[in-house]
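Student: This is coords_38.cif (mmCIF, C-alpha atoms).
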data_final
loop_
_atom_site.label_atom_id
_atom_site.label_comp_id
_atom_site.auth_asym_id
_atom_site.auth_seq_id
_atom_site.Cartn_x
_atom_site.Cartn_y
_atom_site.Cartn_z
CA ALA B 13 31.54 99.47 87.24
CA GLN B 14 32.13 98.42 83.67
CA LYS B 15 35.62 97.84 82.52
CA VAL B 16 37.65 96.06 79.88
CA THR B 17 41.20 94.98 80.58
CA GLN B 18 43.73 94.01 77.96
CA ALA B 19 46.76 93.26 80.05
CA GLN B 20 49.07 92.58 77.12
CA THR B 21 50.37 95.91 75.88
CA GLU B 22 52.48 94.49 73.07
CA ILE B 23 53.14 91.03 71.69
CA SER B 24 55.73 90.04 69.12
CA VAL B 25 55.61 86.73 67.31
CA VAL B 26 57.31 85.21 64.34
CA GLU B 27 55.22 84.55 61.27
CA LYS B 28 53.25 81.29 61.39
CA GLU B 29 53.17 81.20 65.17
CA ASP B 30 49.83 81.11 66.93
CA VAL B 31 49.03 84.01 69.24
CA THR B 32 46.29 84.66 71.78
CA LEU B 33 45.15 88.12 72.81
CA ASP B 34 43.51 88.29 76.20
CA CYS B 35 40.45 90.31 77.17
CA VAL B 36 38.86 90.41 80.60
CA TYR B 37 35.70 92.39 81.22
CA GLU B 38 33.65 93.56 84.16
CA THR B 39 29.95 94.26 84.18
CA ARG B 40 27.01 93.64 86.49
CA ASP B 41 24.54 93.42 83.65
CA THR B 42 23.23 90.05 82.55
CA THR B 43 22.82 91.19 78.96
CA TYR B 44 25.87 92.58 77.28
CA TYR B 45 27.86 92.36 74.08
CA LEU B 46 31.55 91.91 73.45
CA PHE B 47 33.47 93.01 70.39
CA TRP B 48 36.89 92.81 68.85
CA TYR B 49 38.22 95.46 66.49
CA LYS B 50 41.45 95.60 64.55
CA GLN B 51 43.30 98.87 64.03
CA PRO B 52 45.93 98.44 61.31
CA PRO B 53 48.70 101.02 60.79
CA SER B 54 46.39 102.98 58.50
CA GLY B 55 44.34 103.84 61.58
CA GLU B 56 40.78 102.78 60.90
CA LEU B 57 38.98 100.38 63.22
CA VAL B 58 37.85 97.23 61.52
CA PHE B 59 35.02 95.25 63.10
CA LEU B 60 35.94 91.59 63.62
CA ILE B 61 33.30 89.98 65.80
CA ARG B 62 30.38 90.54 68.17
CA ARG B 63 29.32 88.07 70.83
CA ASN B 64 26.31 88.43 73.11
CA SER B 65 26.27 87.29 76.70
CA PHE B 66 23.79 84.48 76.08
CA ASP B 67 25.89 82.75 73.48
CA GLU B 68 29.01 81.11 74.83
CA GLN B 69 29.64 79.09 71.74
CA ASN B 70 33.14 79.68 70.47
CA GLU B 71 33.54 80.96 66.97
CA ILE B 72 36.06 80.32 64.25
CA SER B 73 36.53 82.39 61.13
CA GLY B 74 39.42 81.26 59.02
CA ARG B 75 42.60 81.76 61.05
CA TYR B 76 40.70 83.68 63.74
CA SER B 77 38.96 82.12 66.70
CA TRP B 78 37.34 83.51 69.82
CA ASN B 79 36.91 81.88 73.21
CA PHE B 80 34.15 83.38 75.35
CA GLN B 81 34.01 82.18 78.96
CA LYS B 82 31.50 83.82 81.28
CA SER B 83 32.90 81.97 84.29
CA THR B 84 36.16 83.89 83.98
CA SER B 85 34.70 87.00 82.28
CA SER B 86 37.06 86.55 79.39
CA PHE B 87 36.75 86.88 75.64
CA ASN B 88 40.09 85.86 74.17
CA PHE B 89 41.10 86.07 70.55
CA THR B 90 43.47 83.62 68.87
CA ILE B 91 45.16 84.02 65.53
CA THR B 92 46.44 80.77 64.08
CA ALA B 93 49.47 80.75 61.79
CA SER B 94 49.96 84.48 62.11
CA GLN B 95 50.93 86.58 59.11
CA VAL B 96 52.68 89.92 58.77
CA VAL B 97 49.37 91.47 57.69
CA ASP B 98 47.99 90.63 61.12
CA SER B 99 50.25 93.28 62.63
CA ALA B 100 47.93 95.83 64.19
CA VAL B 101 46.48 97.05 67.46
CA TYR B 102 43.56 94.92 68.57
CA PHE B 103 40.84 96.31 70.79
CA CYS B 104 38.32 94.46 72.86
CA ALA B 105 35.12 96.34 73.72
CA LEU B 106 32.04 95.87 75.89
CA ARG B 107 28.54 97.21 75.38
CA SER B 108 26.14 96.63 78.23
CA GLY B 109 23.74 99.48 77.65
CA THR B 110 22.05 100.30 74.39
CA TYR B 111 24.95 102.02 72.65
CA LYS B 112 27.98 103.03 74.72
CA TYR B 113 31.09 100.99 74.00
CA ILE B 114 33.80 100.60 76.61
CA PHE B 115 37.16 99.83 75.10
CA GLY B 116 40.25 98.21 76.49
CA THR B 117 43.59 99.90 75.99
CA GLY B 118 44.46 97.61 73.11
CA THR B 119 47.17 95.07 72.39
CA ARG B 120 49.76 95.87 69.76
CA LEU B 121 50.61 92.73 67.80
CA LYS B 122 53.81 92.63 65.78
CA VAL B 123 54.25 89.71 63.45
CA LEU B 124 57.81 89.40 62.24
CA ALA B 125 58.68 87.83 58.91
CA ASN U 3 29.40 100.47 49.86
CA ALA U 4 31.15 103.43 51.41
CA GLY U 5 32.02 103.15 55.07
CA VAL U 6 32.09 105.88 57.66
CA MET U 7 33.95 108.82 56.18
CA GLN U 8 35.86 111.23 58.34
CA ASN U 9 37.74 114.29 57.29
CA PRO U 10 40.25 115.61 57.56
CA ARG U 11 42.48 112.66 58.44
CA HIS U 12 45.02 114.94 60.03
CA LEU U 13 44.43 118.39 61.46
CA VAL U 14 46.99 120.73 62.93
CA ARG U 15 45.88 123.69 64.98
CA ARG U 16 47.62 126.24 67.15
CA ARG U 17 46.46 126.82 70.69
CA GLY U 18 43.36 128.97 70.75
CA GLN U 19 42.15 128.06 67.27
CA GLU U 20 39.02 126.13 66.44
CA ALA U 21 38.96 122.54 65.16
CA ARG U 22 36.07 121.18 63.12
CA LEU U 23 35.91 117.46 62.52
CA ARG U 24 33.46 115.97 60.04
CA CYS U 25 31.84 112.59 59.88
CA SER U 26 29.54 111.12 57.25
CA PRO U 27 27.90 107.93 58.50
CA MET U 28 27.43 104.80 56.46
CA LYS U 29 24.52 104.90 54.07
CA GLY U 30 21.32 104.07 55.88
CA HIS U 31 22.76 104.77 59.33
CA SER U 32 21.07 107.45 61.39
CA HIS U 33 22.98 107.00 64.64
CA VAL U 34 26.37 108.65 65.08
CA TYR U 35 28.84 108.35 67.92
CA TRP U 36 32.08 110.20 68.62
CA TYR U 37 34.97 108.68 70.57
CA ARG U 38 38.34 110.09 71.56
CA GLN U 39 41.54 108.09 71.70
CA LEU U 40 44.41 109.56 73.68
CA PRO U 41 47.91 108.20 73.02
CA GLU U 42 48.35 104.64 74.28
CA GLU U 43 44.76 104.49 75.49
CA GLY U 44 41.55 102.92 74.32
CA LEU U 45 38.71 104.84 72.79
CA LYS U 46 36.48 106.80 75.17
CA PHE U 47 32.86 107.61 74.39
CA MET U 48 32.08 111.29 73.95
CA VAL U 49 28.65 111.79 72.42
CA TYR U 50 25.78 110.04 70.68
CA LEU U 51 23.62 111.83 68.15
CA GLN U 52 20.69 111.15 65.93
CA LYS U 53 19.58 113.49 63.17
CA GLU U 54 19.15 116.94 64.71
CA ASN U 55 19.29 115.55 68.25
CA ILE U 56 21.99 115.03 70.85
CA ILE U 57 20.98 111.92 72.75
CA ASP U 58 23.89 111.52 75.16
CA GLU U 59 26.81 113.89 75.60
CA SER U 60 27.93 112.56 78.95
CA GLY U 61 31.47 111.86 77.75
CA MET U 62 32.06 115.23 76.21
CA PRO U 63 33.83 118.02 78.14
CA LYS U 64 31.33 120.67 79.17
CA GLU U 65 33.35 123.54 77.81
CA ARG U 66 34.75 124.20 74.34
CA PHE U 67 33.35 120.97 72.82
CA SER U 68 30.13 120.72 70.87
CA ALA U 69 28.63 118.29 68.40
CA GLU U 70 25.84 118.37 65.89
CA PHE U 71 24.24 116.11 63.32
CA PRO U 72 22.07 118.28 61.09
CA LYS U 73 19.21 117.11 58.96
CA GLU U 74 21.41 117.47 55.91
CA GLY U 75 25.14 116.97 55.83
CA PRO U 76 27.73 115.36 58.03
CA SER U 77 28.02 115.28 61.78
CA ILE U 78 30.42 117.91 63.12
CA LEU U 79 32.52 117.78 66.26
CA ARG U 80 33.72 121.25 67.10
CA ILE U 81 36.45 122.12 69.54
CA GLN U 82 36.85 125.79 70.30
CA GLN U 83 40.02 127.40 71.65
CA VAL U 84 41.99 124.18 71.42
CA VAL U 85 44.65 123.36 73.98
CA ARG U 86 47.53 120.90 73.80
CA GLY U 87 45.55 118.36 75.83
CA ASP U 88 43.03 118.12 73.00
CA SER U 89 45.64 116.41 70.83
CA ALA U 90 44.20 112.98 70.15
CA ALA U 91 42.57 110.80 67.54
CA TYR U 92 38.85 111.40 67.22
CA PHE U 93 36.80 108.56 65.84
CA CYS U 94 33.30 108.63 64.54
CA ALA U 95 31.11 105.54 64.39
CA SER U 96 27.67 104.93 63.00
CA SER U 97 25.03 102.27 63.38
CA GLN U 98 21.81 101.38 61.64
CA ILE U 99 19.91 100.86 64.86
CA VAL U 100 20.59 101.28 68.54
CA GLY U 101 20.32 98.58 71.16
CA GLY U 102 19.51 94.96 70.64
CA THR U 103 21.58 92.32 69.01
CA LYS U 104 22.05 94.11 65.72
CA ASN U 105 23.68 97.25 67.00
CA ILE U 106 27.17 97.18 65.58
CA GLN U 107 29.07 100.40 65.40
CA TYR U 108 31.22 100.83 62.32
CA PHE U 109 34.11 103.20 62.70
CA GLY U 110 35.78 105.67 60.43
CA ALA U 111 39.52 106.10 60.03
CA GLY U 112 39.62 108.89 62.57
CA THR U 113 40.90 112.44 62.59
CA ARG U 114 44.24 112.97 64.24
CA LEU U 115 44.30 116.38 65.84
CA SER U 116 47.61 117.91 66.77
CA VAL U 117 47.66 121.13 68.76
CA LEU U 118 50.89 123.10 68.59
#
Spit out the file's structure as structure tokens when you get a sec.
Tutor:
Amino acid sequence: AQKVTQAQTEISVVEKEDVTLDCVYETRDTTYYLFWYKQPPSGELVFLIRRNSFDEQNEISGRYSWNFQKSTSSFNFTITASQVVDSAVYFCALRSGTYKYIFGTGTRLKVLA
Amino acid sequence: NAGVMQNPRHLVRRRGQEARLRCSPMKGHSHVYWYRQLPEEGLKFMVYLQKENIIDESGMPKERFSAEFPKEGPSILRIQQVVRGDSAAYFCASSQIVGGTKNIQYFGAGTRLSVL
């Protein structure tokens, strides 16, 4: 079975704190892709990153970083020095076939000024 | 560089009415996907279409729901005789290709359907 688990339903942090959003996935496929999307209050889903199963190199983009560990089936997302504009629901997703995405239930991040 | 456009953003229907949701994919994208998001849940795949073809509708309820992506014009998700349980956010996504490393689905802002 394929599944994505985001155990953290809601996280609140104070501005400038670092925060890590957890994502654990399940799949039997050897080739798969992992994604993070941001859903701000306006509702659209904004693509943040894609990682394929053969590339475990961690990635950093500005204040965002992602830690992909196949040994623990995790693809965690860290925001450094959080800002109020980071407040959103963040979704982790898995694609192990050619097109069907499987989403986690999302983590609502609240960054307080 | 317009993204995926969905309209309307909000749709209110009474039980038994029909709901029509529209999606225009990103320019150059010929693959369209519809997902449904129930309150406090993640998005669930409904259907995948290419121009004039339904490729995979395994996630779509067998009754009352239909989807199309005509040669000209937007993709349409149609829900007939809506019931309260259909209240949800419906997202459309599009991609330039399918499969492989370059398949990234870009999502629209969604249509929030409320059934009274």
Student: Sorted by chain and rising residue number, list the residues of chain U at most 12 Å from chain B (counting only C-alpha atoms), each with its closest atom pair and distance in Å to one decimal, as a tab-separated table.
Tutor:
residue	atom	partner	partner_atom	distance
U:Gly5	CA	B:Val58	CA	10.5
U:Val6	CA	B:Glu56	CA	9.8
U:Met7	CA	B:Glu56	CA	10.3
U:Gln8	CA	B:Glu56	CA	10.1
U:Arg11	CA	B:Gly55	CA	9.5
U:His12	CA	B:Gly55	CA	11.2
U:His33	CA	B:Tyr111	CA	9.6
U:Val34	CA	B:Tyr111	CA	10.2
U:Tyr35	CA	B:Lys112	CA	8.7
U:Trp36	CA	B:Lys112	CA	10.3
U:Tyr37	CA	B:Tyr113	CA	9.3
U:Arg38	CA	B:Phe115	CA	10.9
U:Gln39	CA	B:Thr117	CA	9.5
U:Leu40	CA	B:Thr117	CA	10.0
U:Pro41	CA	B:Thr117	CA	9.8
U:Glu42	CA	B:Thr117	CA	6.9
U:Glu43	CA	B:Thr117	CA	4.8
U:Gly44	CA	B:Thr117	CA	4.0
U:Leu45	CA	B:Phe115	CA	5.7
U:Lys46	CA	B:Ile114	CA	6.9
U:Phe47	CA	B:Lys112	CA	6.7
U:Met48	CA	B:Lys112	CA	9.3
U:Val49	CA	B:Lys112	CA	9.1
U:Tyr50	CA	B:Tyr111	CA	8.3
U:Leu51	CA	B:Tyr111	CA	10.9
U:Ile57	CA	B:Tyr111	CA	10.7
U:Asp58	CA	B:Lys112	CA	9.4
U:Glu59	CA	B:Lys112	CA	11.0
U:Ser60	CA	B:Lys112	CA	10.4
U:Gly61	CA	B:Lys112	CA	10.0
U:Ala91	CA	B:Gly55	CA	9.3
U:Tyr92	CA	B:Glu56	CA	10.9
U:Phe93	CA	B:Glu56	CA	8.6
U:Cys94	CA	B:Leu57	CA	10.1
U:Ala95	CA	B:Leu57	CA	9.5
U:Ser96	CA	B:Tyr111	CA	10.4
U:Ser97	CA	B:Tyr111	CA	9.3
U:Gln98	CA	B:Tyr111	CA	11.5
U:Ile99	CA	B:Tyr111	CA	9.4
U:Val100	CA	B:Tyr111	CA	6.0
U:Gly101	CA	B:Thr110	CA	4.0
U:Gly102	CA	B:Thr110	CA	7.0
U:Thr103	CA	B:Asn64	CA	7.4
U:Lys104	CA	B:Arg62	CA	9.4
U:Asn105	CA	B:Tyr111	CA	7.5
U:Ile106	CA	B:Arg62	CA	7.8
U:Gln107	CA	B:Phe59	CA	8.2
U:Tyr108	CA	B:Phe59	CA	6.8
U:Phe109	CA	B:Leu57	CA	5.7
U:Gly110	CA	B:Glu56	CA	5.8
U:Ala111	CA	B:Glu56	CA	3.7
U:Gly112	CA	B:Glu56	CA	6.4
U:Thr113	CA	B:Gly55	CA	9.3
U:Arg114	CA	B:Gly55	CA	9.5
Student: Do you know which residues the PyMOL selection byres ((chain U and resi 63-68) around 6) returns on this file, as a PyMOL selection string?
Tutor: chain U and resi 62+69+79-82
Student: Could you check the closest approach to Thr92 of chain B for each of B:Gln69, B:Thr39, B:Thr32, B:Gln14 and tell me which residue wins, using all atoms listed in the file?
Tutor: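 Residue with the minimum atom-to-atom distance to Thr92 of chain B: B:Thr32.
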Student: Quote the spacing between atom CA of Gln20 of chain B and atom CA of Tyr102 of chain B in Å to one decimal place.
Tutor: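 Spanning atom CA of Gln20 of chain B to atom CA of Tyr102 of chain B is a straight-line distance of 10.4 Å.
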Student: Convert the output of the PyMOL selection byres ((chain U and resi 86) around 9) on the shown file into explicit residues, formatted as a PyMOL selection string.
Tutor: chain U and resi 16-17+84-85+87-89+116-118
Student: Spell out the residues picked by the PyMOL selection byres ((chain U and resi 77) around 6) here, as a list in words.
Tutor: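 This file gives the following for the PyMOL selection byres ((chain U and resi 77) around 6): Arg24, Cys25, Glu70, Phe71, Pro76 and Ile78 of chain U.
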Student: Write to file, as a PDB file, in the frame of the given file, the residues of the selection just made, with C-alpha atoms.
Tutor:
ATOM      1  CA  ARG U  24      33.460 115.970  60.040  1.00  0.00           C
ATOM      2  CA  CYS U  25      31.840 112.590  59.880  1.00  0.00           C
ATOM      3  CA  GLU U  70      25.840 118.370  65.890  1.00  0.00           C
ATOM      4  CA  PHE U  71      24.240 116.110  63.320  1.00  0.00           C
ATOM      5  CA  PRO U  76      27.730 115.360  58.030  1.00  0.00           C
ATOM      6  CA  ILE U  78      30.420 117.910  63.120  1.00  0.00           C
TER       7      ILE U  78
END
Student: Find the residues near Ile91 of chain B: any atom within 8 Å, counting all atoms listed in the file, skip ones fewer than 2 places away on the same chain, and give them as a compact mmCIF listing (two decimals) with C-alpha atoms, in the coordinates of the input.
Tutor:
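Saved as result38.txt:
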# COMPACT_ATOMS: atom_id res chain seq x y z
CA ASP B 30 49.83 81.11 66.93
CA VAL B 31 49.03 84.01 69.24
CA THR B 32 46.29 84.66 71.78
CA ARG B 75 42.60 81.76 61.05
CA TYR B 76 40.70 83.68 63.74
CA SER B 77 38.96 82.12 66.70
CA PHE B 89 41.10 86.07 70.55
CA ALA B 93 49.47 80.75 61.79
CA SER B 94 49.96 84.48 62.11
Student: Please report the interatomic distance between atom CA of Arg40 of chain B and atom CA of Ala13 of chain B in Å with one decimal.
Tutor: 7.4 Å
Student: Record the distance separating atom CA of Gly30 of chain U and atom CA of Pro10 of chain U, expressed in Å with one decimal.
Tutor: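 Calculated distance between atom CA of Gly30 of chain U and atom CA of Pro10 of chain U is 22.2 Å.
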Student: Find the residue from B:Cys35, B:Ala19, B:Ile72, B:Ala125 that sits nearest to Ser99 of chain B; use only C-alpha atoms when measuring.
Tutor: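 Ranked by minimum distance to Ser99 of chain B, first place goes to B:Ala125.
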Student: With only C-alpha atoms as the atoms that count, which of B:Val96, B:Trp48, B:Leu121, B:Tyr37 lies nearest to Lys82 of chain B?
Tutor: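 Closest to Lys82 of chain B of all the choices is B:Tyr37.
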